[in-house]
Amino acid sequence: MLFTVPGGGDGPSGVLVCAENFVIYKNQGHPDVRAVIPRRADLSAERGVLIVSAAMHKQKSMFFFLLQTKYGDIFKVTLDHDNACVSELKVKYFNTIPVTSSLCVLKLGFLFAASEFGNHGLYQFQAIGDDPDVESSSAIH
């Protein structure tokens with residue numbers, strides 16, 4: 001899956017490429033920046049982690065992505081950048097909800113989760129996931 005990264009004064013521009021087990025930032029003339037998608041401890045090594053839905057939230061001074069895996073885990077993805085240069089890509093565990101076909105972050109602090117096979121969900125944010133938890137970073141080799 002591909003997701004547009006805000007550009008101009010809002011971010012570095014480019015795209016996020018969600019591949020099996022990885023999230024990769026790509027932009028023309030910029031080296032690729034990639035991070036591993038954290039996996040559940042009980043998930044066997046031969047089973048890949050794929051992104052099935054996502055949403056982006058943008059405010060005046062920041063933006064982030066919420067990516068959901070086929071197992072229902074949601075990860076907050078952030079880019080550390082200075083204008084057009086991305087120095088780090090962080091993938092951090094956020095929450096687990098039933099698997100969705102689409103996610104939408106509302107400006108009033110809600111997450112709408114559209115389900116293809118079950119009930120839709122409306123969740124209210126209590127925080128934006130800045131507390132220490134499971135995290136993967138492109139800076140860790």
# chains A, B, ... in the order shown; residues from 1 in each chain; ligands from 1
>>> residues_around(residues="Val33 in chain A", least_positions_apart="3", cutoff="8 Å", atoms="only C-alpha atoms", output="JSON, numbers by chain")
{"A": [24, 25, 26, 86, 87, 88, 89, 138]}
>>> select_by_dssp(residues="chain A", states="strand (DSSP E or B)", output="PDB file with N, CA, C and O atoms, in the first residue's frame")
ATOM      1  N   LEU A   2       0.397   2.293  -0.621  1.00  0.00           N
ATOM      2  CA  LEU A   2       1.098   3.570  -0.681  1.00  0.00           C
ATOM      3  C   LEU A   2       0.272   4.646   0.007  1.00  0.00           C
ATOM      4  O   LEU A   2      -0.954   4.683  -0.144  1.00  0.00           O
ATOM      5  N   PHE A   3       0.965   5.533   0.732  1.00  0.00           N
ATOM      6  CA  PHE A   3       0.300   6.641   1.398  1.00  0.00           C
ATOM      7  C   PHE A   3       1.100   7.913   1.163  1.00  0.00           C
ATOM      8  O   PHE A   3       2.322   7.924   1.318  1.00  0.00           O
ATOM      9  N   THR A   4       0.426   8.978   0.797  1.00  0.00           N
ATOM     10  CA  THR A   4       1.066  10.255   0.514  1.00  0.00           C
ATOM     11  C   THR A   4       1.530  10.919   1.801  1.00  0.00           C
ATOM     12  O   THR A   4       0.782  11.002   2.767  1.00  0.00           O
ATOM     13  N   VAL A  15       6.288   9.426  -0.283  1.00  0.00           N
ATOM     14  CA  VAL A  15       5.292   8.397  -0.006  1.00  0.00           C
ATOM     15  C   VAL A  15       5.805   7.437   1.065  1.00  0.00           C
ATOM     16  O   VAL A  15       6.999   7.262   1.240  1.00  0.00           O
ATOM     17  N   LEU A  16       4.839   6.816   1.761  1.00  0.00           N
ATOM     18  CA  LEU A  16       5.137   5.680   2.626  1.00  0.00           C
ATOM     19  C   LEU A  16       4.743   4.440   1.857  1.00  0.00           C
ATOM     20  O   LEU A  16       3.622   4.338   1.354  1.00  0.00           O
ATOM     21  N   VAL A  17       5.657   3.499   1.749  1.00  0.00           N
ATOM     22  CA  VAL A  17       5.383   2.224   1.094  1.00  0.00           C
ATOM     23  C   VAL A  17       5.251   1.187   2.199  1.00  0.00           C
ATOM     24  O   VAL A  17       6.178   0.994   2.986  1.00  0.00           O
ATOM     25  N   CYS A  18       4.090   0.546   2.266  1.00  0.00           N
ATOM     26  CA  CYS A  18       3.864  -0.484   3.275  1.00  0.00           C
ATOM     27  C   CYS A  18       4.034  -1.838   2.599  1.00  0.00           C
ATOM     28  O   CYS A  18       3.182  -2.281   1.825  1.00  0.00           O
ATOM     29  N   ALA A  19       5.168  -2.470   2.874  1.00  0.00           N
ATOM     30  CA  ALA A  19       5.489  -3.773   2.311  1.00  0.00           C
ATOM     31  C   ALA A  19       5.348  -4.815   3.419  1.00  0.00           C
ATOM     32  O   ALA A  19       5.112  -4.472   4.577  1.00  0.00           O
ATOM     33  N   PHE A  22       7.621  -4.332   6.623  1.00  0.00           N
ATOM     34  CA  PHE A  22       8.354  -3.064   6.632  1.00  0.00           C
ATOM     35  C   PHE A  22       7.473  -1.891   6.230  1.00  0.00           C
ATOM     36  O   PHE A  22       6.533  -2.046   5.461  1.00  0.00           O
ATOM     37  N   VAL A  23       7.842  -0.697   6.727  1.00  0.00           N
ATOM     38  CA  VAL A  23       7.312   0.566   6.242  1.00  0.00           C
ATOM     39  C   VAL A  23       8.518   1.341   5.726  1.00  0.00           C
ATOM     40  O   VAL A  23       9.537   1.455   6.412  1.00  0.00           O
ATOM     41  N   ILE A  24       8.421   1.850   4.497  1.00  0.00           N
ATOM     42  CA  ILE A  24       9.553   2.504   3.846  1.00  0.00           C
ATOM     43  C   ILE A  24       9.126   3.899   3.384  1.00  0.00           C
ATOM     44  O   ILE A  24       8.091   4.051   2.731  1.00  0.00           O
ATOM     45  N   TYR A  25       9.950   4.904   3.734  1.00  0.00           N
ATOM     46  CA  TYR A  25       9.730   6.252   3.227  1.00  0.00           C
ATOM     47  C   TYR A  25      10.542   6.406   1.949  1.00  0.00           C
ATOM     48  O   TYR A  25      11.735   6.098   1.911  1.00  0.00           O
ATOM     49  N   LYS A  26       9.898   6.886   0.877  1.00  0.00           N
ATOM     50  CA  LYS A  26      10.574   7.092  -0.398  1.00  0.00           C
ATOM     51  C   LYS A  26      10.265   8.488  -0.926  1.00  0.00           C
ATOM     52  O   LYS A  26       9.147   8.971  -0.787  1.00  0.00           O
ATOM     53  N   ASN A  27      11.281   9.079  -1.524  1.00  0.00           N
ATOM     54  CA  ASN A  27      11.111  10.353  -2.198  1.00  0.00           C
ATOM     55  C   ASN A  27      12.226  10.476  -3.227  1.00  0.00           C
ATOM     56  O   ASN A  27      13.332   9.968  -3.018  1.00  0.00           O
ATOM     57  N   HIS A  30      16.116  11.183  -2.483  1.00  0.00           N
ATOM     58  CA  HIS A  30      16.321  10.980  -1.045  1.00  0.00           C
ATOM     59  C   HIS A  30      16.567   9.492  -0.803  1.00  0.00           C
ATOM     60  O   HIS A  30      15.876   8.650  -1.366  1.00  0.00           O
ATOM     61  N   PRO A  31      17.549   9.125   0.022  1.00  0.00           N
ATOM     62  CA  PRO A  31      17.748   7.700   0.299  1.00  0.00           C
ATOM     63  C   PRO A  31      16.528   7.108   1.022  1.00  0.00           C
ATOM     64  O   PRO A  31      15.866   7.819   1.789  1.00  0.00           O
ATOM     65  N   ASP A  32      16.236   5.843   0.756  1.00  0.00           N
ATOM     66  CA  ASP A  32      15.112   5.177   1.416  1.00  0.00           C
ATOM     67  C   ASP A  32      15.360   5.105   2.915  1.00  0.00           C
ATOM     68  O   ASP A  32      16.478   4.881   3.363  1.00  0.00           O
ATOM     69  N   VAL A  33      14.293   5.304   3.682  1.00  0.00           N
ATOM     70  CA  VAL A  33      14.338   5.182   5.138  1.00  0.00           C
ATOM     71  C   VAL A  33      13.295   4.132   5.495  1.00  0.00           C
ATOM     72  O   VAL A  33      12.122   4.286   5.154  1.00  0.00           O
ATOM     73  N   ARG A  34      13.725   3.042   6.166  1.00  0.00           N
ATOM     74  CA  ARG A  34      12.768   1.974   6.441  1.00  0.00           C
ATOM     75  C   ARG A  34      12.856   1.510   7.879  1.00  0.00           C
ATOM     76  O   ARG A  34      13.900   1.584   8.514  1.00  0.00           O
ATOM     77  N   ALA A  35      11.707   1.024   8.369  1.00  0.00           N
ATOM     78  CA  ALA A  35      11.613   0.485   9.725  1.00  0.00           C
ATOM     79  C   ALA A  35      10.786  -0.788   9.678  1.00  0.00           C
ATOM     80  O   ALA A  35       9.866  -0.928   8.860  1.00  0.00           O
ATOM     81  N   VAL A  36      11.100  -1.692  10.555  1.00  0.00           N
ATOM     82  CA  VAL A  36      10.368  -2.958  10.674  1.00  0.00           C
ATOM     83  C   VAL A  36       9.040  -2.704  11.379  1.00  0.00           C
ATOM     84  O   VAL A  36       8.977  -1.909  12.323  1.00  0.00           O
ATOM     85  N   ILE A  51      -0.094  -4.440   6.070  1.00  0.00           N
ATOM     86  CA  ILE A  51      -0.987  -3.329   6.405  1.00  0.00           C
ATOM     87  C   ILE A  51      -2.253  -3.448   5.544  1.00  0.00           C
ATOM     88  O   ILE A  51      -2.166  -3.632   4.335  1.00  0.00           O
ATOM     89  N   VAL A  52      -3.431  -3.330   6.182  1.00  0.00           N
ATOM     90  CA  VAL A  52      -4.694  -3.460   5.448  1.00  0.00           C
ATOM     91  C   VAL A  52      -5.473  -2.154   5.366  1.00  0.00           C
ATOM     92  O   VAL A  52      -6.305  -1.980   4.487  1.00  0.00           O
ATOM     93  N   SER A  53      -5.233  -1.226   6.306  1.00  0.00           N
ATOM     94  CA  SER A  53      -5.914   0.064   6.254  1.00  0.00           C
ATOM     95  C   SER A  53      -5.082   1.108   6.984  1.00  0.00           C
ATOM     96  O   SER A  53      -4.200   0.768   7.775  1.00  0.00           O
ATOM     97  N   ALA A  54      -5.384   2.369   6.702  1.00  0.00           N
ATOM     98  CA  ALA A  54      -4.591   3.438   7.305  1.00  0.00           C
ATOM     99  C   ALA A  54      -5.356   4.750   7.284  1.00  0.00           C
ATOM    100  O   ALA A  54      -6.332   4.912   6.541  1.00  0.00           O
ATOM    101  N   ALA A  55      -4.880   5.678   8.114  1.00  0.00           N
ATOM    102  CA  ALA A  55      -5.408   7.036   8.140  1.00  0.00           C
ATOM    103  C   ALA A  55      -4.259   7.968   8.480  1.00  0.00           C
ATOM    104  O   ALA A  55      -3.328   7.592   9.182  1.00  0.00           O
ATOM    105  N   MET A  56      -4.349   9.188   7.959  1.00  0.00           N
ATOM    106  CA  MET A  56      -3.355  10.203   8.304  1.00  0.00           C
ATOM    107  C   MET A  56      -4.064  11.325   9.053  1.00  0.00           C
ATOM    108  O   MET A  56      -5.193  11.687   8.717  1.00  0.00           O
ATOM    109  N   HIS A  57      -3.388  11.844  10.069  1.00  0.00           N
ATOM    110  CA  HIS A  57      -3.917  12.997  10.805  1.00  0.00           C
ATOM    111  C   HIS A  57      -2.883  14.110  10.713  1.00  0.00           C
ATOM    112  O   HIS A  57      -1.709  13.890  10.982  1.00  0.00           O
ATOM    113  N   LYS A  58      -3.351  15.303  10.326  1.00  0.00           N
ATOM    114  CA  LYS A  58      -2.441  16.437  10.155  1.00  0.00           C
ATOM    115  C   LYS A  58      -2.961  17.617  10.946  1.00  0.00           C
ATOM    116  O   LYS A  58      -4.153  17.947  10.887  1.00  0.00           O
ATOM    117  N   PHE A  63       2.158  15.828  11.853  1.00  0.00           N
ATOM    118  CA  PHE A  63       1.271  14.854  11.226  1.00  0.00           C
ATOM    119  C   PHE A  63       1.740  13.470  11.630  1.00  0.00           C
ATOM    120  O   PHE A  63       2.883  13.276  12.033  1.00  0.00           O
ATOM    121  N   PHE A  64       0.830  12.507  11.556  1.00  0.00           N
ATOM    122  CA  PHE A  64       1.185  11.111  11.798  1.00  0.00           C
ATOM    123  C   PHE A  64       0.214  10.214  11.052  1.00  0.00           C
ATOM    124  O   PHE A  64      -0.855  10.659  10.621  1.00  0.00           O
ATOM    125  N   PHE A  65       0.612   8.964  10.897  1.00  0.00           N
ATOM    126  CA  PHE A  65      -0.212   7.959  10.243  1.00  0.00           C
ATOM    127  C   PHE A  65      -0.610   6.908  11.271  1.00  0.00           C
ATOM    128  O   PHE A  65       0.175   6.588  12.172  1.00  0.00           O
ATOM    129  N   LEU A  66      -1.801   6.348  11.133  1.00  0.00           N
ATOM    130  CA  LEU A  66      -2.204   5.159  11.871  1.00  0.00           C
ATOM    131  C   LEU A  66      -2.355   4.050  10.844  1.00  0.00           C
ATOM    132  O   LEU A  66      -3.143   4.175   9.901  1.00  0.00           O
ATOM    133  N   LEU A  67      -1.570   2.989  10.988  1.00  0.00           N
ATOM    134  CA  LEU A  67      -1.602   1.857  10.067  1.00  0.00           C
ATOM    135  C   LEU A  67      -2.098   0.632  10.807  1.00  0.00           C
ATOM    136  O   LEU A  67      -1.612   0.330  11.900  1.00  0.00           O
ATOM    137  N   GLN A  68      -3.042  -0.099  10.213  1.00  0.00           N
ATOM    138  CA  GLN A  68      -3.561  -1.314  10.843  1.00  0.00           C
ATOM    139  C   GLN A  68      -3.113  -2.549  10.080  1.00  0.00           C
ATOM    140  O   GLN A  68      -3.190  -2.591   8.852  1.00  0.00           O
ATOM    141  N   THR A  69      -2.654  -3.559  10.826  1.00  0.00           N
ATOM    142  CA  THR A  69      -2.230  -4.821  10.219  1.00  0.00           C
ATOM    143  C   THR A  69      -3.417  -5.763  10.066  1.00  0.00           C
ATOM    144  O   THR A  69      -4.489  -5.527  10.618  1.00  0.00           O
ATOM    145  N   ASP A  73      -3.733  -5.018  14.841  1.00  0.00           N
ATOM    146  CA  ASP A  73      -2.848  -4.109  15.566  1.00  0.00           C
ATOM    147  C   ASP A  73      -2.718  -2.795  14.808  1.00  0.00           C
ATOM    148  O   ASP A  73      -2.523  -2.787  13.592  1.00  0.00           O
ATOM    149  N   ILE A  74      -2.818  -1.684  15.537  1.00  0.00           N
ATOM    150  CA  ILE A  74      -2.665  -0.360  14.944  1.00  0.00           C
ATOM    151  C   ILE A  74      -1.333   0.209  15.402  1.00  0.00           C
ATOM    152  O   ILE A  74      -0.973   0.122  16.579  1.00  0.00           O
ATOM    153  N   PHE A  75      -0.597   0.792  14.449  1.00  0.00           N
ATOM    154  CA  PHE A  75       0.697   1.397  14.726  1.00  0.00           C
ATOM    155  C   PHE A  75       0.665   2.861  14.332  1.00  0.00           C
ATOM    156  O   PHE A  75       0.107   3.230  13.296  1.00  0.00           O
ATOM    157  N   LYS A  76       1.278   3.686  15.177  1.00  0.00           N
ATOM    158  CA  LYS A  76       1.432   5.106  14.870  1.00  0.00           C
ATOM    159  C   LYS A  76       2.778   5.271  14.179  1.00  0.00           C
ATOM    160  O   LYS A  76       3.807   4.849  14.702  1.00  0.00           O
ATOM    161  N   VAL A  77       2.769   5.864  12.999  1.00  0.00           N
ATOM    162  CA  VAL A  77       3.996   6.065  12.220  1.00  0.00           C
ATOM    163  C   VAL A  77       4.279   7.568  12.154  1.00  0.00           C
ATOM    164  O   VAL A  77       3.415   8.349  11.754  1.00  0.00           O
ATOM    165  N   THR A  78       5.501   7.929  12.562  1.00  0.00           N
ATOM    166  CA  THR A  78       5.919   9.323  12.511  1.00  0.00           C
ATOM    167  C   THR A  78       7.249   9.432  11.771  1.00  0.00           C
ATOM    168  O   THR A  78       8.024   8.474  11.737  1.00  0.00           O
ATOM    169  N   LEU A  79       7.481  10.596  11.190  1.00  0.00           N
ATOM    170  CA  LEU A  79       8.729  10.877  10.488  1.00  0.00           C
ATOM    171  C   LEU A  79       9.430  12.035  11.186  1.00  0.00           C
ATOM    172  O   LEU A  79       8.826  13.098  11.388  1.00  0.00           O
ATOM    173  N   ASP A  80      10.684  11.840  11.573  1.00  0.00           N
ATOM    174  CA  ASP A  80      11.505  12.943  12.060  1.00  0.00           C
ATOM    175  C   ASP A  80      12.148  13.571  10.834  1.00  0.00           C
ATOM    176  O   ASP A  80      12.862  12.893  10.095  1.00  0.00           O
ATOM    177  N   HIS A  81      11.869  14.858  10.609  1.00  0.00           N
ATOM    178  CA  HIS A  81      12.354  15.493   9.382  1.00  0.00           C
ATOM    179  C   HIS A  81      12.754  16.932   9.633  1.00  0.00           C
ATOM    180  O   HIS A  81      12.297  17.581  10.574  1.00  0.00           O
ATOM    181  N   ASP A  82      13.644  17.405   8.796  1.00  0.00           N
ATOM    182  CA  ASP A  82      14.058  18.800   8.765  1.00  0.00           C
ATOM    183  C   ASP A  82      13.830  19.265   7.341  1.00  0.00           C
ATOM    184  O   ASP A  82      14.612  18.924   6.441  1.00  0.00           O
ATOM    185  N   CYS A  85      14.351  16.641   4.383  1.00  0.00           N
ATOM    186  CA  CYS A  85      15.251  15.543   4.744  1.00  0.00           C
ATOM    187  C   CYS A  85      14.688  14.743   5.916  1.00  0.00           C
ATOM    188  O   CYS A  85      14.555  15.265   7.021  1.00  0.00           O
ATOM    189  N   VAL A  86      14.346  13.481   5.673  1.00  0.00           N
ATOM    190  CA  VAL A  86      13.826  12.610   6.720  1.00  0.00           C
ATOM    191  C   VAL A  86      14.994  11.882   7.366  1.00  0.00           C
ATOM    192  O   VAL A  86      15.759  11.186   6.699  1.00  0.00           O
ATOM    193  N   SER A  87      15.134  12.043   8.682  1.00  0.00           N
ATOM    194  CA  SER A  87      16.246  11.410   9.397  1.00  0.00           C
ATOM    195  C   SER A  87      15.840  10.113  10.081  1.00  0.00           C
ATOM    196  O   SER A  87      16.684   9.248  10.308  1.00  0.00           O
ATOM    197  N   GLU A  88      14.551   9.975  10.418  1.00  0.00           N
ATOM    198  CA  GLU A  88      14.121   8.764  11.122  1.00  0.00           C
ATOM    199  C   GLU A  88      12.651   8.492  10.856  1.00  0.00           C
ATOM    200  O   GLU A  88      11.841   9.401  10.769  1.00  0.00           O
ATOM    201  N   LEU A  89      12.323   7.200  10.764  1.00  0.00           N
ATOM    202  CA  LEU A  89      10.962   6.712  10.615  1.00  0.00           C
ATOM    203  C   LEU A  89      10.674   5.857  11.830  1.00  0.00           C
ATOM    204  O   LEU A  89      11.423   4.919  12.121  1.00  0.00           O
ATOM    205  N   LYS A  90       9.615   6.191  12.579  1.00  0.00           N
ATOM    206  CA  LYS A  90       9.273   5.451  13.788  1.00  0.00           C
ATOM    207  C   LYS A  90       7.933   4.757  13.611  1.00  0.00           C
ATOM    208  O   LYS A  90       6.968   5.358  13.137  1.00  0.00           O
ATOM    209  N   VAL A  91       7.868   3.484  14.002  1.00  0.00           N
ATOM    210  CA  VAL A  91       6.640   2.689  13.958  1.00  0.00           C
ATOM    211  C   VAL A  91       6.389   2.226  15.390  1.00  0.00           C
ATOM    212  O   VAL A  91       7.172   1.447  15.936  1.00  0.00           O
ATOM    213  N   LYS A  92       5.294   2.700  15.989  1.00  0.00           N
ATOM    214  CA  LYS A  92       5.037   2.456  17.397  1.00  0.00           C
ATOM    215  C   LYS A  92       3.666   1.826  17.592  1.00  0.00           C
ATOM    216  O   LYS A  92       2.684   2.292  17.005  1.00  0.00           O
ATOM    217  N   TYR A  93       3.602   0.763  18.431  1.00  0.00           N
ATOM    218  CA  TYR A  93       2.317   0.127  18.718  1.00  0.00           C
ATOM    219  C   TYR A  93       1.381   1.144  19.341  1.00  0.00           C
ATOM    220  O   TYR A  93       1.748   1.891  20.238  1.00  0.00           O
ATOM    221  N   PHE A  94       0.116   1.163  18.869  1.00  0.00           N
ATOM    222  CA  PHE A  94      -0.868   2.134  19.347  1.00  0.00           C
ATOM    223  C   PHE A  94      -2.030   1.457  20.058  1.00  0.00           C
ATOM    224  O   PHE A  94      -2.381   1.811  21.164  1.00  0.00           O
ATOM    225  N   ASN A  95      -2.646   0.464  19.407  1.00  0.00           N
ATOM    226  CA  ASN A  95      -3.804  -0.216  19.983  1.00  0.00           C
ATOM    227  C   ASN A  95      -4.166  -1.401  19.095  1.00  0.00           C
ATOM    228  O   ASN A  95      -3.623  -1.551  18.004  1.00  0.00           O
ATOM    229  N   THR A  96      -5.097  -2.225  19.546  1.00  0.00           N
ATOM    230  CA  THR A  96      -5.630  -3.324  18.744  1.00  0.00           C
ATOM    231  C   THR A  96      -7.147  -3.232  18.745  1.00  0.00           C
ATOM    232  O   THR A  96      -7.758  -3.121  19.814  1.00  0.00           O
ATOM    233  N   SER A 102     -11.350   0.422   6.417  1.00  0.00           N
ATOM    234  CA  SER A 102     -10.968   1.825   6.300  1.00  0.00           C
ATOM    235  C   SER A 102     -10.940   2.465   7.681  1.00  0.00           C
ATOM    236  O   SER A 102     -11.741   2.125   8.551  1.00  0.00           O
ATOM    237  N   LEU A 103      -9.999   3.401   7.863  1.00  0.00           N
ATOM    238  CA  LEU A 103      -9.889   4.174   9.107  1.00  0.00           C
ATOM    239  C   LEU A 103     -10.002   5.653   8.768  1.00  0.00           C
ATOM    240  O   LEU A 103      -9.555   6.088   7.704  1.00  0.00           O
ATOM    241  N   CYS A 104     -10.551   6.434   9.693  1.00  0.00           N
ATOM    242  CA  CYS A 104     -10.654   7.879   9.502  1.00  0.00           C
ATOM    243  C   CYS A 104     -10.471   8.569  10.847  1.00  0.00           C
ATOM    244  O   CYS A 104     -11.218   8.287  11.790  1.00  0.00           O
ATOM    245  N   VAL A 105      -9.473   9.448  10.930  1.00  0.00           N
ATOM    246  CA  VAL A 105      -9.255  10.233  12.140  1.00  0.00           C
ATOM    247  C   VAL A 105     -10.026  11.541  11.988  1.00  0.00           C
ATOM    248  O   VAL A 105      -9.812  12.287  11.027  1.00  0.00           O
ATOM    249  N   LEU A 106     -10.932  11.805  12.940  1.00  0.00           N
ATOM    250  CA  LEU A 106     -11.737  13.017  12.899  1.00  0.00           C
ATOM    251  C   LEU A 106     -11.084  14.111  13.740  1.00  0.00           C
ATOM    252  O   LEU A 106     -10.444  13.821  14.756  1.00  0.00           O
ATOM    253  N   PHE A 110     -11.739  11.691  17.417  1.00  0.00           N
ATOM    254  CA  PHE A 110     -12.332  10.366  17.289  1.00  0.00           C
ATOM    255  C   PHE A 110     -11.663   9.601  16.149  1.00  0.00           C
ATOM    256  O   PHE A 110     -11.138  10.199  15.211  1.00  0.00           O
ATOM    257  N   LEU A 111     -11.726   8.281  16.230  1.00  0.00           N
ATOM    258  CA  LEU A 111     -11.279   7.395  15.161  1.00  0.00           C
ATOM    259  C   LEU A 111     -12.482   6.587  14.717  1.00  0.00           C
ATOM    260  O   LEU A 111     -13.092   5.871  15.525  1.00  0.00           O
ATOM    261  N   PHE A 112     -12.862   6.728  13.435  1.00  0.00           N
ATOM    262  CA  PHE A 112     -13.936   5.907  12.881  1.00  0.00           C
ATOM    263  C   PHE A 112     -13.292   4.724  12.190  1.00  0.00           C
ATOM    264  O   PHE A 112     -12.403   4.880  11.355  1.00  0.00           O
ATOM    265  N   ALA A 113     -13.739   3.522  12.564  1.00  0.00           N
ATOM    266  CA  ALA A 113     -13.194   2.286  12.012  1.00  0.00           C
ATOM    267  C   ALA A 113     -14.315   1.557  11.267  1.00  0.00           C
ATOM    268  O   ALA A 113     -15.246   1.041  11.883  1.00  0.00           O
ATOM    269  N   ALA A 114     -14.220   1.551   9.930  1.00  0.00           N
ATOM    270  CA  ALA A 114     -15.236   0.908   9.104  1.00  0.00           C
ATOM    271  C   ALA A 114     -14.860  -0.560   8.905  1.00  0.00           C
ATOM    272  O   ALA A 114     -13.776  -0.864   8.429  1.00  0.00           O
ATOM    273  N   GLY A 121     -16.858   0.860  14.203  1.00  0.00           N
ATOM    274  CA  GLY A 121     -16.509   1.340  15.535  1.00  0.00           C
ATOM    275  C   GLY A 121     -16.170   2.813  15.525  1.00  0.00           C
ATOM    276  O   GLY A 121     -15.631   3.346  14.558  1.00  0.00           O
ATOM    277  N   LEU A 122     -16.502   3.485  16.618  1.00  0.00           N
ATOM    278  CA  LEU A 122     -16.140   4.884  16.814  1.00  0.00           C
ATOM    279  C   LEU A 122     -15.414   4.957  18.148  1.00  0.00           C
ATOM    280  O   LEU A 122     -15.984   4.645  19.193  1.00  0.00           O
ATOM    281  N   TYR A 123     -14.152   5.333  18.109  1.00  0.00           N
ATOM    282  CA  TYR A 123     -13.307   5.362  19.298  1.00  0.00           C
ATOM    283  C   TYR A 123     -12.890   6.796  19.573  1.00  0.00           C
ATOM    284  O   TYR A 123     -12.640   7.568  18.650  1.00  0.00           O
ATOM    285  N   GLN A 124     -12.788   7.148  20.863  1.00  0.00           N
ATOM    286  CA  GLN A 124     -12.338   8.475  21.236  1.00  0.00           C
ATOM    287  C   GLN A 124     -10.891   8.398  21.710  1.00  0.00           C
ATOM    288  O   GLN A 124     -10.528   7.523  22.492  1.00  0.00           O
ATOM    289  N   GLU A 135       8.167  -0.126  20.069  1.00  0.00           N
ATOM    290  CA  GLU A 135       8.499   0.794  18.979  1.00  0.00           C
ATOM    291  C   GLU A 135       9.617   0.224  18.131  1.00  0.00           C
ATOM    292  O   GLU A 135      10.513  -0.444  18.635  1.00  0.00           O
ATOM    293  N   SER A 136       9.553   0.517  16.845  1.00  0.00           N
ATOM    294  CA  SER A 136      10.618   0.183  15.909  1.00  0.00           C
ATOM    295  C   SER A 136      11.038   1.489  15.255  1.00  0.00           C
ATOM    296  O   SER A 136      10.226   2.375  15.036  1.00  0.00           O
ATOM    297  N   SER A 137      12.319   1.591  14.938  1.00  0.00           N
ATOM    298  CA  SER A 137      12.817   2.822  14.340  1.00  0.00           C
ATOM    299  C   SER A 137      13.805   2.511  13.243  1.00  0.00           C
ATOM    300  O   SER A 137      14.514   1.501  13.298  1.00  0.00           O
TER     301      SER A 137
END
>>> closest_residue(among="A:His120, A:Tyr71, A:Ser61, A:Gly14", to="Pro38 in chain A", atoms="only C-alpha atoms")
A:Tyr71
>>> atom_distance(atom1="CA of Lys107 in chain A", atom2="CA of Asp10 in chain A")
16.8 Å
>>> atom_distance(atom1="CA of Ser115 in chain A", atom2="CA of Val99 in chain A")
6.8 Å
